[in-house]
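One structure is given here, and the rest of the page talks about it.
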Amino acid sequence: MNMVSRNTITTDDFRAAILRHLTYELGKDASHAAVEDWRMALSFAVRDQIVDSWFAATRKTYDAGAKRVYYLSMEFLIGRLLKDGIINLRLLDQAREAMQALGQDFDTVLADEPDAALGNGGLGRLAACFLESLSTLGCPAYGYGIRYEHGLFRQSFVDGRQMEAPETWLLQRHPWEFERPESRYRIGFGGEVSTKAGKTIWTPADSVDAEAYDTPVIGWQGRWANTLRLWSAVASDGPFDLDSFNRGDFAGAARPEALARTISRVLYPDDTTEQGKELRLKQEYFLTSAALKDILRRFDSEHDDIGKLPGKVAIQLNDTHPAIAGPELVRILHDERGLPFEEAMKMAQACLSYTNHTLLPEALESWPEGLFGKLLPRHLQIVDRIDDAHAKANPSRTLSARSDHQVKMGELSFIMAHKVNGVSALHTELMKTTVFSEFHRLHPDRIINQTNGVTPRRWLLSCNPRLSGLITDTIGEGWVDDLEQLKGIEPHISDAGWLERYAAAKRDNKADLANWMAKTTGVKVDPAMMFDVQIKRLHEYKRQHLNILEAIAHWQEIKANPSADWTPRLKIFAGKAAPGYFFAKDIIRLINDVAKVLNADTDTRDVLQVAFLPNYNVTLAERLIPAADLSEQISTAGKEASGTGNMKFALNGALTVGTLDGANVEIRDHVGADNFFLFGMTADKVEERRLIPDHAAQAIAADPRLGAALKAIRDGVFSPDEPGRYHNITDNLTGPDYFLVASDFTDYYRAQREVDAAFKDKTHWMTMAALNTARSGWFSSDRTITDYMSQIWDAKSLRDS
Ligand code: AZC
């Protein structure tokens, strides 16, 4: 098979490098080394291969005096890095052969790596895909984030209920990072603002130090590597604690230590509800201030004219979480560097841009001004001056970042950014007409769209070797960094032999998943069933409960006529609920309860089963997506900003059943309406429907299947020991039903029966699946990043220079 070509290092040299690391770096004898030791040794050997191109990229950037992109994000949902590095360096053959020669099972060693789960979901995973694409494209860039000691919690189920345990990815050494004790900045909080000789001086009361840890991010073919710089909080030994100590204020003396320990300790596990917690604001300022100090230090080392800043520095705010970058940069430029205020503000705007990832009102960050002012007294003053300057420039309007005794981070980000982007065409239009409508009228050129994308290295080449092997065999390897080349497989789809190979890849991926499920969860499934997959965070707007209601109704239908020719289907769920989001946790439990009943039902279990796989993470996604037949993208239209899982599924040949929401709209446009199962109300219809006071009751009255499914839940069919267990869910769905589960049910049910019918015609199904693969090239994050580079950052690739 014409596999992707090899790196030039020989297997022998690579094996020697692994042994050298095992012996001299880890101090382990090969005869006693554990899997973890082998993994470390292999990781170090791979890392060695990255470092040279990493240095070369840095040198090129300095030599060219090039503009750098800085991606500020509270989340980077990275997953494992070992295989990613091996694949991008094209070391797969050597690594496998070397480990074999050393008597180790390569896949076992790869599987030993914990996921770096420094993110909640889509926003964090997007940041990770973007970093990889920035490196692949050779755009000089840094990711800045927090090195959380504990990433997203570990999920397990007890009696079907979600349990959370701390995640401890740093228990073992993290072989990819380099500690940089020399890159350390003091970050202040609280204190006083004073004026001296016309200068404003902020004297913080407390401080912590941010210490850098660098992880190289290698692009495709190892041609370029950028840096992910994560900050860890350590106690600063500044005058504050010594003074307190000398005064005998030991608690005060210990405060910096305590502060430091908590700030980078844990990722906030709630991705859609803003809780307004002080620690969260501290984390946000900690990341942002450390990043800006680092950016300016680097700038100063190369340039002596601050006026050049916007030409050399592009700072992207990943959602509003780092929005304090606006006032912080103005503070540095005005207070510390002496630029006139409005000039400082203009310069900051020219550097900054902001991506919005959600319109959900509960996710739009705002801080009580008291809390904000207590922690960041100077920044609160600057927010006011920003508002004044904005009002002066736009006299007829009263839009401001501080209002109703709150500091509003969306408004602040909008004002302080030269570009504001949405993440899908629909989402961007909704930004213009809803949350930012007034701002948009005032600044009609500021909002632009950048539809999300995913990296094809991780989400096809690495996670689906069977399909990527077939593709490379058919069209060569150019698709890996030019995903639109996938169109080249389209002419082959009508070739029965080729299509059979495509189908075989899917079949084998499904068999692998079935084996893995049997081994790890004890759930035995037949890989001939349709694998119907919904994997994402649990949220009412994502409507996992619509999916399980459909399963219940279908089960009832099958039970009434068990011998009919049903299409066998396995519904797979995975995803975490925010620990405080009780409704979402109820949905998890309901799905688990339903699974128990359905999977035990001998009348129906050959044709309908349900599995909720615990502890969803990037690695599990890499396992599930290549094995999926059907991708559930069923959010209430207008609520899912984009979705990125939807793209990964389409790319890997799963057909979508979905609403016209987020990037589903564009996926359907690209793959063709015939190759997509559409259902549900559009975003406009959703808004209209909500105006009907009893919309849910009407929908239930109109569809007896829905009524019967709800009744089964209410009667305790799935919770016989506690019939009332799900009254919150049934009350909601028969009452307010804000996310219109009832109103979309009937059309969803219809679409699912269409799916069933289509799945029976294997040739037709596989043709549709292959067309999804062939036509998903546009959803590469390389395309997205190329557009950010030209339309937002004005940044150039240096890869080929
Ligand atoms: C997510 C959106 O919900 C998802 O639709 C989108 O694909 C993703 O961002 C990447 O743009 N948002 C989040 O994960 N979190 C927040 C706060 O929006």
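Chain labels A, B, ... are given in the sequence in which chains occur in the structure tokens; within each chain residues are numbered consecutively from 1, and ligands are likewise numbered from 1 in the order shown.
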Cut-off 9 Å, only C-alpha atoms and all ligand atoms, neighbours of ligand 1 as an MDAnalysis selection string: chainID A and resid 119:127 270:274 318:321 355:360 363:365 422:424 427 451:453 537 639:646 662:663
Okay, now the selection with N, CA and C atoms, as a short mmCIF file (atom, residue, chain, number, x, y, z; two decimals), in the first residue's frame?
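Printed below is result-v4.cif as written:
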data_model
loop_
_atom_site.label_atom_id
_atom_site.label_comp_id
_atom_site.auth_asym_id
_atom_site.auth_seq_id
_atom_site.Cartn_x
_atom_site.Cartn_y
_atom_site.Cartn_z
N GLY A 119 -9.38 21.07 29.03
CA GLY A 119 -10.48 21.77 28.39
C GLY A 119 -11.76 21.01 28.64
N ASN A 120 -12.88 21.68 28.39
CA ASN A 120 -14.19 21.10 28.64
C ASN A 120 -14.78 20.42 27.43
N GLY A 121 -14.65 21.07 26.29
CA GLY A 121 -15.35 20.56 25.12
C GLY A 121 -14.89 21.28 23.87
N GLY A 122 -15.86 21.72 23.08
CA GLY A 122 -15.58 22.25 21.75
C GLY A 122 -14.56 23.37 21.69
N LEU A 123 -14.72 24.32 22.59
CA LEU A 123 -13.83 25.49 22.56
C LEU A 123 -12.37 25.09 22.80
N GLY A 124 -12.17 24.18 23.73
CA GLY A 124 -10.82 23.75 24.06
C GLY A 124 -10.23 22.85 22.98
N ARG A 125 -11.06 21.99 22.42
CA ARG A 125 -10.58 21.11 21.37
C ARG A 125 -10.26 21.93 20.10
N LEU A 126 -11.07 22.94 19.84
CA LEU A 126 -10.80 23.80 18.69
C LEU A 126 -9.42 24.45 18.84
N ALA A 127 -9.12 24.91 20.05
CA ALA A 127 -7.82 25.55 20.30
C ALA A 127 -6.69 24.57 19.99
N ASP A 270 -17.36 23.77 34.09
CA ASP A 270 -18.65 24.17 33.55
C ASP A 270 -18.41 24.96 32.28
N ASP A 271 -18.87 24.46 31.16
CA ASP A 271 -18.51 25.15 29.92
C ASP A 271 -19.58 26.12 29.44
N THR A 272 -20.74 26.11 30.05
CA THR A 272 -21.77 26.99 29.50
C THR A 272 -22.42 27.90 30.53
N THR A 273 -22.12 27.73 31.80
CA THR A 273 -22.75 28.59 32.79
C THR A 273 -21.67 29.40 33.48
N GLU A 274 -21.80 30.68 33.42
CA GLU A 274 -20.82 31.53 34.05
C GLU A 274 -21.16 31.68 35.51
N ASN A 318 -9.77 33.64 22.80
CA ASN A 318 -10.65 32.51 22.60
C ASN A 318 -11.82 32.62 23.58
N ASP A 319 -12.90 33.18 23.08
CA ASP A 319 -14.04 33.59 23.88
C ASP A 319 -13.65 34.75 24.79
N THR A 320 -14.55 35.11 25.69
CA THR A 320 -14.26 36.29 26.53
C THR A 320 -13.35 35.96 27.70
N HIS A 321 -13.01 34.69 27.89
CA HIS A 321 -12.24 34.33 29.10
C HIS A 321 -10.97 35.14 29.27
N THR A 355 -13.02 35.83 19.42
CA THR A 355 -13.92 34.81 18.88
C THR A 355 -15.03 34.53 19.87
N ASN A 356 -16.26 34.62 19.40
CA ASN A 356 -17.40 34.25 20.24
C ASN A 356 -17.77 32.80 19.92
N HIS A 357 -18.03 32.02 20.98
CA HIS A 357 -18.34 30.60 20.77
C HIS A 357 -19.75 30.20 21.19
N THR A 358 -20.49 31.12 21.71
CA THR A 358 -21.84 30.73 22.11
C THR A 358 -22.71 31.97 22.30
N LEU A 359 -23.99 31.80 22.01
CA LEU A 359 -24.94 32.89 22.24
C LEU A 359 -25.79 32.61 23.48
N LEU A 360 -25.57 31.48 24.11
CA LEU A 360 -26.36 31.15 25.30
C LEU A 360 -26.16 32.26 26.33
N ALA A 363 -23.97 31.87 29.38
CA ALA A 363 -22.53 31.67 29.22
C ALA A 363 -21.79 32.99 29.01
N LEU A 364 -22.54 34.08 28.83
CA LEU A 364 -21.88 35.36 28.56
C LEU A 364 -21.35 35.93 29.88
N GLU A 365 -20.05 36.03 29.94
CA GLU A 365 -19.42 36.39 31.21
C GLU A 365 -19.70 37.83 31.61
N GLY A 422 -17.64 34.92 14.58
CA GLY A 422 -18.45 33.77 14.93
C GLY A 422 -17.80 32.54 14.32
N VAL A 423 -18.36 31.36 14.65
CA VAL A 423 -17.68 30.11 14.30
C VAL A 423 -18.44 29.26 13.28
N SER A 424 -19.56 29.78 12.78
CA SER A 424 -20.22 29.16 11.63
C SER A 424 -21.04 30.28 10.98
N HIS A 427 -24.26 31.03 13.00
CA HIS A 427 -23.93 31.64 14.29
C HIS A 427 -23.52 33.10 14.11
N THR A 451 -15.83 29.86 9.87
CA THR A 451 -16.38 28.55 10.22
C THR A 451 -15.26 27.64 10.73
N ASN A 452 -15.54 26.99 11.84
CA ASN A 452 -14.57 26.09 12.48
C ASN A 452 -14.08 25.00 11.54
N GLY A 453 -13.01 24.38 11.94
CA GLY A 453 -12.49 23.22 11.22
C GLY A 453 -11.80 22.29 12.20
N ARG A 537 -20.61 17.16 25.25
CA ARG A 537 -21.05 17.52 26.57
C ARG A 537 -22.56 17.34 26.70
N LYS A 639 -28.85 27.23 18.65
CA LYS A 639 -28.16 27.10 19.94
C LYS A 639 -26.73 26.58 19.84
N GLU A 640 -26.45 25.71 18.90
CA GLU A 640 -25.09 25.18 18.78
C GLU A 640 -24.32 26.12 17.85
N ALA A 641 -23.33 26.80 18.41
CA ALA A 641 -22.65 27.82 17.61
C ALA A 641 -22.09 27.21 16.32
N SER A 642 -21.40 26.10 16.45
CA SER A 642 -20.87 25.46 15.25
C SER A 642 -20.98 23.94 15.38
N GLY A 643 -20.31 23.41 16.41
CA GLY A 643 -20.07 21.98 16.45
C GLY A 643 -18.79 21.71 15.68
N THR A 644 -18.01 20.76 16.16
CA THR A 644 -16.83 20.33 15.42
C THR A 644 -16.82 18.80 15.33
N GLY A 645 -17.47 18.15 16.28
CA GLY A 645 -17.66 16.70 16.19
C GLY A 645 -18.39 16.38 14.90
N ASN A 646 -19.38 17.18 14.56
CA ASN A 646 -20.14 16.95 13.32
C ASN A 646 -19.22 16.83 12.11
N GLY A 662 -25.77 25.58 13.55
CA GLY A 662 -24.31 25.67 13.53
C GLY A 662 -23.74 25.29 12.17
N ALA A 663 -22.65 24.55 12.23
CA ALA A 663 -21.98 24.15 10.98
C ALA A 663 -22.69 23.01 10.27
#
Distance query region 65-81 of chain A at most 6 Å, only C-alpha atoms, self and fewer than 5 positions along chain excluded, as a PyMOL selection string: chain A and resi 115-119+124-125+127-128+140-145+312-318+618
Two-atom distance - CA of Leu281 (chain A), CA of Ser264 (chain A) (Å):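 Result for CA of Leu281 (chain A) versus CA of Ser264 (chain A): 12.1 Å, one decimal.
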Residues flagged helix (DSSP H, G or I) by DSSP in region 395-625 of chain A, as an NGL selection string: :A and (409-416 or 425-433 or 437-442 or 456-462 or 465-475 or 477-481 or 483-492 or 496-521 or 540-542 or 544-560 or 582-600 or 618-625)
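Atom to atom, CA of Asn599 (chain A) and CA of Arg569 (chain A) stand 11.6 Å apart.
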CA of Leu706 (chain A) to CA of Phe649 (chain A), straight-line distance in Å: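 Straight-line distance from CA of Phe649 (chain A) to CA of Leu706 (chain A) works out to 28.3 Å.
Using only C-alpha atoms for every distance, the candidate list A:Glu550, A:Asp508, A:Glu484, A:Glu97 yields A:Asp508 as the residue closest to Arg466 (chain A).
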Minimum-distance residue to Ala503 (chain A), chosen among A:Lys571, A:Asp586, A:Lys762, A:Glu362 (using only C-alpha atoms):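 Going through A:Lys571, A:Asp586, A:Lys762, A:Glu362 one by one, the smallest distance to Ala503 (chain A) is for A:Lys762.
Taking only C-alpha atoms, the non-local environment of Asp335 (chain A) within 12 Å (same-chain residues fewer than 2 positions away omitted) comprises Val193, Ser194, Thr195, Lys196, Gly198, Lys199, Thr200, Ile201, Trp202, Pro327, Glu328, Leu329, Val330, Arg331, Ile332, Leu333, Arg337, Gly338, Leu339, Pro340, Phe341, Ala344, Met345, Arg378, His379, Gln381 and Ile382 of chain A.
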Could those selected residues go to a file with C-alpha atoms, as a PDB file, in the first residue's frame?
ATOM      1  CA  VAL A 193      -4.248  52.883  42.782  1.00  0.00           C
ATOM      2  CA  SER A 194      -2.428  56.162  43.318  1.00  0.00           C
ATOM      3  CA  THR A 195      -1.129  59.031  41.231  1.00  0.00           C
ATOM      4  CA  LYS A 196       2.371  60.395  41.430  1.00  0.00           C
ATOM      5  CA  GLY A 198       0.819  62.668  36.795  1.00  0.00           C
ATOM      6  CA  LYS A 199       1.415  58.940  36.562  1.00  0.00           C
ATOM      7  CA  THR A 200      -1.039  56.309  37.708  1.00  0.00           C
ATOM      8  CA  ILE A 201       0.482  53.611  39.815  1.00  0.00           C
ATOM      9  CA  TRP A 202      -1.203  50.359  40.747  1.00  0.00           C
ATOM     10  CA  PRO A 327      -7.675  46.744  29.809  1.00  0.00           C
ATOM     11  CA  GLU A 328      -4.408  45.018  30.741  1.00  0.00           C
ATOM     12  CA  LEU A 329      -2.740  45.923  27.467  1.00  0.00           C
ATOM     13  CA  VAL A 330      -4.024  49.492  27.738  1.00  0.00           C
ATOM     14  CA  ARG A 331      -2.709  49.621  31.309  1.00  0.00           C
ATOM     15  CA  ILE A 332       0.726  48.502  30.217  1.00  0.00           C
ATOM     16  CA  LEU A 333       0.859  50.854  27.236  1.00  0.00           C
ATOM     17  CA  ARG A 337       4.905  52.932  28.798  1.00  0.00           C
ATOM     18  CA  GLY A 338       3.437  56.399  28.875  1.00  0.00           C
ATOM     19  CA  LEU A 339       1.349  56.348  25.693  1.00  0.00           C
ATOM     20  CA  PRO A 340      -1.642  58.720  25.696  1.00  0.00           C
ATOM     21  CA  PHE A 341      -4.743  56.799  26.713  1.00  0.00           C
ATOM     22  CA  ALA A 344      -2.900  53.015  23.889  1.00  0.00           C
ATOM     23  CA  MET A 345      -6.477  51.942  23.341  1.00  0.00           C
ATOM     24  CA  ARG A 378      -6.891  49.824  38.071  1.00  0.00           C
ATOM     25  CA  HIS A 379      -8.552  47.752  35.382  1.00  0.00           C
ATOM     26  CA  GLN A 381     -10.923  52.474  36.048  1.00  0.00           C
ATOM     27  CA  ILE A 382      -9.570  51.600  32.636  1.00  0.00           C
TER      28      ILE A 382
END
Which residue of A:Ala41, A:Leu292, A:Val610, A:Met768 approaches Ala673 (chain A) most closely, using only C-alpha atoms: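 Checking each of A:Ala41, A:Leu292, A:Val610, A:Met768 against Ala673 (chain A), counting only C-alpha atoms, the winner is A:Met768.
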If you count only C-alpha atoms, which residues fall within 12 Å of Ala101 (chain A), apart from same-chain ones fewer than 4 positions away, as a short mmCIF file (atom, residue, chain, number, x, y, z; two decimals) with N, CA and C atoms, in the first residue's frame?
data_model
loop_
_atom_site.label_atom_id
_atom_site.label_comp_id
_atom_site.auth_asym_id
_atom_site.auth_seq_id
_atom_site.Cartn_x
_atom_site.Cartn_y
_atom_site.Cartn_z
N THR A 11 15.33 2.64 11.74
CA THR A 11 14.73 1.99 12.90
C THR A 11 15.80 1.71 13.96
N ASP A 12 16.98 1.31 13.51
CA ASP A 12 18.06 1.01 14.47
C ASP A 12 18.45 2.24 15.28
N ASP A 13 18.61 3.34 14.58
CA ASP A 13 18.98 4.58 15.30
C ASP A 13 17.88 4.97 16.28
N PHE A 14 16.67 4.79 15.83
CA PHE A 14 15.55 5.19 16.67
C PHE A 14 15.48 4.28 17.91
N ARG A 15 15.71 2.99 17.67
CA ARG A 15 15.69 2.05 18.78
C ARG A 15 16.80 2.42 19.78
N ALA A 16 17.97 2.76 19.25
CA ALA A 16 19.08 3.13 20.14
C ALA A 16 18.72 4.37 20.96
N ILE A 18 15.76 5.30 21.91
CA ILE A 18 14.80 4.92 22.96
C ILE A 18 15.54 4.29 24.14
N LEU A 19 16.45 3.39 23.82
CA LEU A 19 17.21 2.72 24.89
C LEU A 19 18.07 3.70 25.68
N GLN A 94 9.09 3.30 11.94
CA GLN A 94 10.28 3.13 12.78
C GLN A 94 9.89 2.92 14.24
N ALA A 95 8.90 3.67 14.70
CA ALA A 95 8.53 3.57 16.11
C ALA A 95 7.97 2.18 16.41
N ARG A 96 7.11 1.72 15.52
CA ARG A 96 6.51 0.40 15.73
C ARG A 96 7.59 -0.69 15.68
N GLU A 97 8.44 -0.59 14.67
CA GLU A 97 9.50 -1.61 14.51
C GLU A 97 10.47 -1.57 15.69
N ASP A 105 4.92 -4.07 23.07
CA ASP A 105 3.76 -3.91 22.19
C ASP A 105 3.49 -2.42 22.00
N PHE A 106 3.67 -1.98 20.77
CA PHE A 106 3.59 -0.55 20.46
C PHE A 106 2.25 0.06 20.91
#
Residue among A:Leu228, A:Leu242, A:Leu513, A:Leu442 lying closest to Leu624 (chain A), counting only C-alpha atoms: A:Leu513
Within 10 Å of Phe439 (chain A) using only C-alpha atoms, minus same-chain residues under 3 positions, as a list in words: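 After dropping sequence-adjacent residues, the list is Arg397, Leu399, Ser400, Glu411, Phe414, Ile415, Met431, Lys432, Thr433, Val435, Phe436, Leu442, His443, Pro444, Arg446 and Ile447 of chain A.
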Could those selected residues go to a file with C-alpha atoms, as a PDB file, in the first residue's frame?
ATOM      1  CA  ARG A 397     -24.860  55.374  21.403  1.00  0.00           C
ATOM      2  CA  LEU A 399     -23.150  50.818  24.496  1.00  0.00           C
ATOM      3  CA  SER A 400     -20.719  50.078  27.245  1.00  0.00           C
ATOM      4  CA  GLU A 411     -19.132  44.046  25.302  1.00  0.00           C
ATOM      5  CA  PHE A 414     -16.241  43.713  21.179  1.00  0.00           C
ATOM      6  CA  ILE A 415     -15.055  47.228  21.890  1.00  0.00           C
ATOM      7  CA  MET A 431     -24.506  37.350  16.486  1.00  0.00           C
ATOM      8  CA  LYS A 432     -25.337  40.242  14.207  1.00  0.00           C
ATOM      9  CA  THR A 433     -29.045  40.082  14.892  1.00  0.00           C
ATOM     10  CA  VAL A 435     -26.402  39.694  21.251  1.00  0.00           C
ATOM     11  CA  PHE A 436     -24.277  42.099  19.250  1.00  0.00           C
ATOM     12  CA  LEU A 442     -22.271  50.780  15.025  1.00  0.00           C
ATOM     13  CA  HIS A 443     -19.337  48.757  13.669  1.00  0.00           C
ATOM     14  CA  PRO A 444     -20.700  46.927  10.628  1.00  0.00           C
ATOM     15  CA  ARG A 446     -16.151  44.225  12.731  1.00  0.00           C
ATOM     16  CA  ILE A 447     -18.071  40.949  12.846  1.00  0.00           C
TER      17      ILE A 447
END
Long-range neighbours of Trp38 (chain A) as an NGL selection string, 12 Å cut-off, only C-alpha atoms, 3 positions minimum in chain: :A and (15 or 17-23 or 25-35 or 41-45 or 82 or 95 or 98-100 or 102-113 or 175)
Go ahead and dump the residues you just picked, N, CA and C atoms, as a compact mmCIF listing (two decimals), in the first residue's frame.
# COMPACT_ATOMS: atom_id res chain seq x y z
N ARG A 15 15.71 2.99 17.67
CA ARG A 15 15.69 2.05 18.78
C ARG A 15 16.80 2.42 19.78
N ALA A 17 18.03 5.30 20.32
CA ALA A 17 17.64 6.52 21.04
C ALA A 17 16.67 6.20 22.18
N ILE A 18 15.76 5.30 21.91
CA ILE A 18 14.80 4.92 22.96
C ILE A 18 15.54 4.29 24.14
N LEU A 19 16.45 3.39 23.82
CA LEU A 19 17.21 2.72 24.89
C LEU A 19 18.07 3.70 25.68
N ARG A 20 18.64 4.65 24.95
CA ARG A 20 19.48 5.65 25.62
C ARG A 20 18.65 6.43 26.64
N HIS A 21 17.47 6.85 26.23
CA HIS A 21 16.60 7.60 27.15
C HIS A 21 16.17 6.73 28.33
N LEU A 22 15.85 5.50 28.02
CA LEU A 22 15.41 4.60 29.09
C LEU A 22 16.52 4.47 30.14
N THR A 23 17.73 4.31 29.65
CA THR A 23 18.85 4.05 30.55
C THR A 23 19.32 5.32 31.27
N GLU A 25 18.18 8.72 30.96
CA GLU A 25 17.25 9.78 31.38
C GLU A 25 16.36 9.25 32.50
N LEU A 26 15.89 8.01 32.31
CA LEU A 26 14.95 7.45 33.30
C LEU A 26 15.63 6.56 34.32
N GLY A 27 16.85 6.17 34.01
CA GLY A 27 17.57 5.32 34.94
C GLY A 27 16.94 3.94 35.12
N LYS A 28 16.42 3.41 34.02
CA LYS A 28 15.77 2.09 34.11
C LYS A 28 16.52 1.08 33.24
N ASP A 29 16.61 -0.12 33.76
CA ASP A 29 17.20 -1.21 33.01
C ASP A 29 16.11 -1.83 32.14
N ALA A 30 16.42 -2.06 30.88
CA ALA A 30 15.40 -2.57 29.95
C ALA A 30 14.72 -3.83 30.49
N SER A 31 15.44 -4.61 31.23
CA SER A 31 14.83 -5.86 31.70
C SER A 31 13.83 -5.63 32.82
N HIS A 32 13.84 -4.45 33.43
CA HIS A 32 12.89 -4.18 34.51
C HIS A 32 11.91 -3.06 34.21
N ALA A 33 12.03 -2.50 33.02
CA ALA A 33 11.22 -1.31 32.73
C ALA A 33 9.73 -1.67 32.60
N ALA A 34 8.90 -0.80 33.13
CA ALA A 34 7.45 -0.97 33.00
C ALA A 34 6.96 -0.24 31.75
N VAL A 35 5.70 -0.50 31.41
CA VAL A 35 5.12 0.15 30.21
C VAL A 35 5.33 1.65 30.26
N ALA A 41 10.41 6.75 27.50
CA ALA A 41 11.60 6.67 26.66
C ALA A 41 11.25 6.92 25.19
N LEU A 42 10.15 6.31 24.76
CA LEU A 42 9.71 6.53 23.38
C LEU A 42 9.36 8.01 23.16
N SER A 43 8.66 8.59 24.14
CA SER A 43 8.26 10.00 24.01
C SER A 43 9.49 10.90 23.90
N PHE A 44 10.49 10.63 24.73
CA PHE A 44 11.70 11.46 24.66
C PHE A 44 12.40 11.30 23.32
N ALA A 45 12.40 10.08 22.81
CA ALA A 45 13.05 9.85 21.51
C ALA A 45 12.30 10.60 20.40
N LEU A 82 1.64 11.48 21.98
CA LEU A 82 2.69 10.60 21.45
C LEU A 82 2.42 10.19 20.00
N ALA A 95 8.90 3.67 14.70
CA ALA A 95 8.53 3.57 16.11
C ALA A 95 7.97 2.18 16.41
N ALA A 98 10.82 -0.38 16.11
CA ALA A 98 11.78 -0.26 17.21
C ALA A 98 11.19 -0.84 18.50
N MET A 99 9.94 -0.54 18.77
CA MET A 99 9.34 -1.06 20.00
C MET A 99 9.23 -2.59 19.94
N GLN A 100 8.93 -3.06 18.75
CA GLN A 100 8.86 -4.51 18.56
C GLN A 100 10.22 -5.15 18.83
N LEU A 102 12.39 -4.10 20.67
CA LEU A 102 12.68 -4.01 22.10
C LEU A 102 11.73 -4.88 22.93
N GLY A 103 10.92 -5.65 22.22
CA GLY A 103 10.04 -6.60 22.91
C GLY A 103 8.80 -5.96 23.52
N GLN A 104 8.43 -4.79 23.01
CA GLN A 104 7.27 -4.09 23.57
C GLN A 104 6.13 -4.02 22.56
N ASP A 105 4.92 -4.07 23.07
CA ASP A 105 3.76 -3.91 22.19
C ASP A 105 3.49 -2.42 22.00
N PHE A 106 3.67 -1.98 20.77
CA PHE A 106 3.59 -0.55 20.46
C PHE A 106 2.25 0.06 20.91
N ASP A 107 1.15 -0.64 20.58
CA ASP A 107 -0.16 -0.08 20.90
C ASP A 107 -0.40 0.01 22.41
N THR A 108 0.13 -0.95 23.14
CA THR A 108 0.00 -0.90 24.60
C THR A 108 0.76 0.31 25.15
N VAL A 109 1.92 0.56 24.58
CA VAL A 109 2.71 1.70 25.04
C VAL A 109 1.98 3.01 24.72
N LEU A 110 1.43 3.10 23.51
CA LEU A 110 0.68 4.32 23.15
C LEU A 110 -0.51 4.52 24.09
N ALA A 111 -1.17 3.41 24.43
CA ALA A 111 -2.40 3.50 25.23
C ALA A 111 -2.12 3.86 26.68
N ASP A 112 -0.85 3.81 27.08
CA ASP A 112 -0.50 4.15 28.46
C ASP A 112 -0.55 5.66 28.72
N GLU A 113 -0.55 6.45 27.65
CA GLU A 113 -0.47 7.91 27.85
C GLU A 113 -1.80 8.46 28.36
N PRO A 175 6.11 14.14 29.53
CA PRO A 175 7.38 14.14 28.80
C PRO A 175 7.48 15.19 27.70
Selection: 9 Å around Leu89 (chain A), only C-alpha atoms, excl. self and same-chain fewer than 4 positions, as a list in words: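 Selected residues are Arg6, Asn7, Val46, Gln49, Ile50, Asp84, Gly85, Ile218, Gly219, Trp220, Gln221, Gly222 and Arg223 of chain A.
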What would the file look like if the residues just selected were written as an mmCIF file, in the first residue's frame with N, CA and C atoms?
data_model
loop_
_atom_site.group_PDB
_atom_site.id
_atom_site.type_symbol
_atom_site.label_atom_id
_atom_site.label_comp_id
_atom_site.auth_asym_id
_atom_site.auth_seq_id
_atom_site.Cartn_x
_atom_site.Cartn_y
_atom_site.Cartn_z
ATOM 1 N N ARG A 6 8.084 7.795 4.888
ATOM 2 C CA ARG A 6 8.774 7.688 6.171
ATOM 3 C C ARG A 6 9.700 8.848 6.431
ATOM 4 N N ASN A 7 9.938 9.083 7.677
ATOM 5 C CA ASN A 7 11.034 9.917 8.132
ATOM 6 C C ASN A 7 12.332 9.202 7.778
ATOM 7 N N VAL A 46 10.973 10.638 20.530
ATOM 8 C CA VAL A 46 10.174 11.377 19.546
ATOM 9 C C VAL A 46 10.409 12.882 19.720
ATOM 10 N N GLN A 49 13.243 14.420 18.048
ATOM 11 C CA GLN A 49 13.072 14.671 16.616
ATOM 12 C C GLN A 49 12.335 15.987 16.352
ATOM 13 N N ILE A 50 11.665 16.469 17.374
ATOM 14 C CA ILE A 50 10.885 17.706 17.212
ATOM 15 C C ILE A 50 11.763 18.934 17.447
ATOM 16 N N ASP A 84 0.339 11.459 17.928
ATOM 17 C CA ASP A 84 0.264 12.668 17.116
ATOM 18 C C ASP A 84 1.654 13.082 16.632
ATOM 19 N N GLY A 85 2.615 13.097 17.561
ATOM 20 C CA GLY A 85 3.987 13.454 17.215
ATOM 21 C C GLY A 85 4.579 12.454 16.226
ATOM 22 N N ILE A 218 4.188 20.171 16.958
ATOM 23 C CA ILE A 218 4.812 19.865 15.663
ATOM 24 C C ILE A 218 3.758 19.791 14.567
ATOM 25 N N GLY A 219 4.051 20.391 13.452
ATOM 26 C CA GLY A 219 3.125 20.348 12.323
ATOM 27 C C GLY A 219 3.384 19.143 11.432
ATOM 28 N N TRP A 220 2.561 19.013 10.457
ATOM 29 C CA TRP A 220 2.647 17.890 9.522
ATOM 30 C C TRP A 220 4.022 17.853 8.845
ATOM 31 N N GLN A 221 4.589 16.678 8.821
ATOM 32 C CA GLN A 221 5.903 16.415 8.226
ATOM 33 C C GLN A 221 7.047 17.065 8.997
ATOM 34 N N GLY A 222 6.763 17.523 10.197
ATOM 35 C CA GLY A 222 7.826 18.076 11.030
ATOM 36 C C GLY A 222 8.492 19.306 10.445
ATOM 37 N N ARG A 223 7.765 20.018 9.596
ATOM 38 C CA ARG A 223 8.415 21.145 8.912
ATOM 39 C C ARG A 223 8.415 22.418 9.731
#
